[in-house]
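Below is one structure; the comments refer to it alone.
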Amino acid sequence: MSLEIRSTTLLKKVMKNYFTSLDKADKVAWCTSVGPAELLRSFGFEVYFPENHGALLGATRQSIEHIPSAIKQGFSGHVCSYTTADIGAYLDGSTPLKKHYGIDSIPKPDLIVYNTNQCREVEDWFTWFADQYECPIVGIHPPRYLNEVSQDETKLVVEQFKKMIPICEKVSGNKFDIDRYKQTTKLSKEATMLWQEALRTSTAKPAPFNFFDGTIHMGPIVVMRGTQEAKDYYTELLKELNSLVKAGVGFVQEERSRIFWDGMPIWGKLRMLSDLFSQNNSTIVASTYCNSWIFDELDEENPFDSAALAYTKIFINRSEKAKMEFFKQWVSEYSVDGMIFHDSKTCFNNSNARFGMPQRLTEETGIPSLVIEGDLCDLRFFSEGQSITKIETFIEQLESRTMVMQQ
Ligand code: SF4
């Protein structure tokens, strides 16, 4: 049997409070998951993240019901299934927030902000909603696919951040206050560092925290950056994980293989996959996805420049060369035995198996890799039986390899 994380009870309370506050909020800004949440909070906006809603639609498998409604509006079924599920749910007048939190609908935006540091899809998705709600919209368009992020690039992004200020002032009715921005940046930095420490507890053997738990516990670092509540939550989670490491307790006790997951989660299959790995005494110890909300460059003394750097440097926004360096570092840090690349049908932006990365990584590190095909929300693209067979065979190979290496 795999380990249950006790902090999950607190997490549910924290997330419920977040959604309840949103429902009652005076001013709401919508934001992409790696958008400038700290700046928006400094103006007093409650911040809502449509991608989180997309993940909820996927995890509850409601996405399947709603994607066809977006397709009828002209969106391709091969476009980001967060986008199609979210637009479809809106057209169908449905939301999982109702069942989970007693909230009738997603919050109406006063302002919509996106950052294309992750993909261009967010621009189309958010613009569609801005048209529906007749709401002001601001886009940040940083340079993409960089090997290194230089001052020239961050300067461009800082200028775009600063252009948001008059719009935020007008919509919120509050003047920009640098001290408030420094404070939200400080809180965001503290929470993100705690989240990083929580993830790093899985460098221990056995690892206490697996990828599937991580996708649930990352809720506050995605939707509550810049709040005291997010910081407090990760303080508690880290305490629990550290005590598990100290007691030598792992996600699976007899950990025979340690795997890295690249790409999006398959939201509707988290439980099935988590059980599959634990039944095979294997742990997904780390992932690109959970690591995507570590913004260690944030610095409250220099909030604009540091945020521009932190949000432009993220993994998804980088070149293949830069991504390879991230992978090599994670493989060594987490003592990884094998890599799984999830080639997500509707998110090529967060799928890294299409340009030879698995082969190159194996050549450079000797670590075997497996590619599985699936999707974040559209389960029509995921063949469960075939994937289980592939994963079990891969885990067996990893175990045999370890035995040979130990001889
Ligand atoms: S990164 Fe992928 S999953 Fe996320 S919004 Fe963009 S296309 Fe969709």
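All residue names refer to the structure tokens as shown: chains lettered A, B, ... in order, residues numbered from 1 in each chain, ligands numbered from 1 in order.
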
* 7 Å contact set for region 170-184 of chain A, only C-alpha atoms, chain neighbours under 4 positions out, as number ranges by chain -> A: 27, 38-39, 41-43, 45, 110, 165-166, 188, 226-227, 300-301, 303

Export of prior selection with N, CA and C atoms as a CSV table (one decimal), in the first residue's frame:
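Wrote it out as again03.csv, contents follow:
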chain,number,residue,atom,x,y,z
A,27,LYS,N,-13.0,42.5,-6.9
A,27,LYS,CA,-12.3,42.6,-8.2
A,27,LYS,C,-11.6,41.3,-8.5
A,38,GLU,N,1.8,38.1,-8.7
A,38,GLU,CA,2.3,39.0,-7.6
A,38,GLU,C,1.9,40.4,-7.8
A,39,LEU,N,2.1,40.8,-9.1
A,39,LEU,CA,1.7,42.2,-9.4
A,39,LEU,C,0.2,42.4,-9.3
A,41,ARG,N,-1.9,40.8,-7.5
A,41,ARG,CA,-2.4,40.8,-6.0
A,41,ARG,C,-2.0,42.1,-5.3
A,42,SER,N,-0.9,42.7,-5.8
A,42,SER,CA,-0.5,44.0,-5.1
A,42,SER,C,-1.6,45.1,-5.4
A,43,PHE,N,-2.4,44.9,-6.4
A,43,PHE,CA,-3.5,45.9,-6.6
A,43,PHE,C,-4.8,45.5,-5.9
A,45,PHE,N,-6.4,42.6,-6.4
A,45,PHE,CA,-7.2,41.6,-7.1
A,45,PHE,C,-7.2,40.2,-6.4
A,110,ASP,N,-12.7,40.9,-14.1
A,110,ASP,CA,-12.7,42.4,-14.3
A,110,ASP,C,-11.5,42.7,-15.2
A,165,ILE,N,0.5,48.5,-15.5
A,165,ILE,CA,0.2,49.3,-14.3
A,165,ILE,C,-1.0,50.2,-14.5
A,166,PRO,N,-1.0,51.1,-15.5
A,166,PRO,CA,-2.2,52.0,-15.6
A,166,PRO,C,-3.5,51.2,-15.8
A,188,SER,N,5.6,35.3,-2.3
A,188,SER,CA,5.6,34.3,-3.4
A,188,SER,C,7.0,33.6,-3.4
A,226,GLY,N,2.0,34.7,-3.7
A,226,GLY,CA,1.9,36.1,-3.2
A,226,GLY,C,0.9,36.2,-2.0
A,227,THR,N,0.5,35.0,-1.4
A,227,THR,CA,-0.3,35.1,-0.2
A,227,THR,C,0.4,34.4,1.0
A,300,GLU,N,12.3,40.4,-3.6
A,300,GLU,CA,11.4,41.5,-3.3
A,300,GLU,C,12.1,42.9,-3.4
A,301,GLU,N,13.5,42.9,-3.3
A,301,GLU,CA,14.1,44.2,-3.5
A,301,GLU,C,14.2,44.7,-4.9
A,303,PRO,N,11.6,43.7,-7.6
A,303,PRO,CA,10.5,42.9,-8.0
A,303,PRO,C,10.2,42.8,-9.5

For the interface of chain A with ligand 1 (cut-off 7 Å, counting only C-alpha atoms and all ligand atoms), please tabulate each contacting residue of chain A alongside its nearest pair of atoms and their separation in Å to one decimal, rows sorted by chain and increasing number, as a Markdown table.
| residue | atom | partner | partner_atom_place_in_ligand_line | distance |
| --- | --- | --- | --- | --- |
| A:Glu51 | CA | ligand 1 | 5 (S) | 6.4 |
| A:Cys80 | CA | ligand 1 | 8 (Fe) | 4.4 |
| A:Ser81 | CA | ligand 1 | 8 (Fe) | 6.5 |
| A:Tyr82 | CA | ligand 1 | 8 (Fe) | 5.5 |
| A:Thr83 | CA | ligand 1 | 8 (Fe) | 6.4 |
| A:Gln118 | CA | ligand 1 | 1 (S) | 5.1 |
| A:Cys119 | CA | ligand 1 | 6 (Fe) | 4.6 |
| A:Arg120 | CA | ligand 1 | 6 (Fe) | 6.9 |
| A:Glu121 | CA | ligand 1 | 6 (Fe) | 5.3 |
| A:Val122 | CA | ligand 1 | 5 (S) | 5.4 |
| A:Thr346 | CA | ligand 1 | 7 (S) | 6.7 |
| A:Cys347 | CA | ligand 1 | 2 (Fe) | 4.1 |
| A:Phe348 | CA | ligand 1 | 2 (Fe) | 6.7 |
| A:Asn349 | CA | ligand 1 | 2 (Fe) | 5.4 |
| A:Asn350 | CA | ligand 1 | 2 (Fe) | 5.6 |

Residues from the last selection, C-alpha atoms, saved as an mmCIF file, in the first residue's frame:
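result-v5.cif written:
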data_model
loop_
_atom_site.group_PDB
_atom_site.id
_atom_site.type_symbol
_atom_site.label_atom_id
_atom_site.label_comp_id
_atom_site.auth_asym_id
_atom_site.auth_seq_id
_atom_site.Cartn_x
_atom_site.Cartn_y
_atom_site.Cartn_z
ATOM 1 C CA GLU A 51 -5.681 26.345 -16.258
ATOM 2 C CA CYS A 80 -4.959 22.253 -25.881
ATOM 3 C CA SER A 81 -7.650 20.283 -24.058
ATOM 4 C CA TYR A 82 -7.536 22.703 -21.095
ATOM 5 C CA THR A 83 -8.731 25.311 -23.573
ATOM 6 C CA GLN A 118 4.303 28.758 -21.809
ATOM 7 C CA CYS A 119 2.460 28.717 -25.143
ATOM 8 C CA ARG A 120 0.498 30.824 -27.623
ATOM 9 C CA GLU A 121 -2.682 28.837 -26.884
ATOM 10 C CA VAL A 122 -3.331 30.887 -23.760
ATOM 11 C CA THR A 346 -2.993 18.384 -27.357
ATOM 12 C CA CYS A 347 -0.012 20.060 -25.662
ATOM 13 C CA PHE A 348 3.067 19.884 -27.830
ATOM 14 C CA ASN A 349 4.460 22.806 -25.790
ATOM 15 C CA ASN A 350 4.906 20.613 -22.759
#

* 9 Å contact set for Phe260 (chain A), only C-alpha atoms, chain neighbours under 5 positions out, as a VMD selection string -> chain A and resid 211 283 to 288 330 to 331 334 336 to 341

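Taking only C-alpha atoms, the non-local environment of Pro109 (chain A) within 8 Å (same-chain residues fewer than 4 positions away omitted) comprises Lys27, Val28, Ala29, Trp30, Tyr133 and Cys135 of chain A.
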
Would you write out those residues with C-alpha atoms, as a compact mmCIF listing (two decimals), in the first residue's frame?
# COMPACT_ATOMS: atom_id res chain seq x y z
CA LYS A 27 -12.35 42.55 -8.21
CA VAL A 28 -11.12 39.45 -9.99
CA ALA A 29 -8.21 39.18 -12.40
CA TRP A 30 -7.75 36.06 -14.49
CA TYR A 133 -17.18 39.04 -20.93
CA CYS A 135 -13.41 42.57 -20.41

* Asked: Using only C-alpha atoms, which residues sit within 8 Å of Pro96 (chain A) once same-chain residues fewer than 5 positions away are excluded, as JSON, numbers by chain?
  -> {"A": [56, 57, 60, 62]}

Atoms to include: C-alpha atoms. Write the selected residues as a PDB file, in the first residue's frame.
ATOM      1  CA  LEU A  56     -10.152  20.184 -12.361  1.00  0.00           C
ATOM      2  CA  LEU A  57     -12.280  19.410 -15.424  1.00  0.00           C
ATOM      3  CA  THR A  60     -13.128  14.927 -12.586  1.00  0.00           C
ATOM      4  CA  GLN A  62     -15.958  16.269 -16.993  1.00  0.00           C
TER       5      GLN A  62
END

* Asked: region 44-274 of chain A: which residues are helix (DSSP H, G or I) by DSSP, as a ChimeraX atom specification?
  -> /A:50-59,63-72,81-91,96-101,121-133,151-172,178-203,211-217,219-223,228-246,267-274

* Just the residues within 8 Å of Ala307 (chain A), please, counting only C-alpha atoms, with nothing from its chain fewer than 3 positions along; format it as number ranges by chain. => A: 36, 297-299, 303-304, 310-311

Create the file for the chosen residues now, containing N, CA, C and O atoms and written as a tab-separated table (two decimals), in the first residue's frame.
chain	number	residue	atom	x	y	z
A	36	PRO	N	1.94	37.06	-14.11
A	36	PRO	CA	2.40	37.96	-13.04
A	36	PRO	C	1.40	38.09	-11.87
A	36	PRO	O	0.87	39.17	-11.60
A	297	GLU	N	14.42	32.94	-8.63
A	297	GLU	CA	15.02	34.24	-8.96
A	297	GLU	C	14.24	35.41	-8.34
A	297	GLU	O	14.74	36.54	-8.33
A	298	LEU	N	13.02	35.16	-7.87
A	298	LEU	CA	12.22	36.27	-7.32
A	298	LEU	C	12.99	36.96	-6.20
A	298	LEU	O	13.61	36.30	-5.36
A	299	ASP	N	12.91	38.28	-6.18
A	299	ASP	CA	13.64	39.05	-5.17
A	299	ASP	C	12.82	40.30	-4.87
A	299	ASP	O	12.63	41.15	-5.74
A	303	PRO	N	11.57	43.75	-7.58
A	303	PRO	CA	10.46	42.89	-7.99
A	303	PRO	C	10.22	42.80	-9.50
A	303	PRO	O	9.93	41.72	-9.99
A	304	PHE	N	10.37	43.91	-10.22
A	304	PHE	CA	10.09	43.84	-11.67
A	304	PHE	C	11.14	42.98	-12.40
A	304	PHE	O	10.79	42.06	-13.13
A	310	ALA	N	12.51	35.46	-13.61
A	310	ALA	CA	11.97	34.18	-13.11
A	310	ALA	C	10.95	33.60	-14.08
A	310	ALA	O	10.96	32.41	-14.37
A	311	TYR	N	10.06	34.45	-14.62
A	311	TYR	CA	8.99	33.94	-15.48
A	311	TYR	C	9.43	33.72	-16.93
A	311	TYR	O	8.72	33.10	-17.70
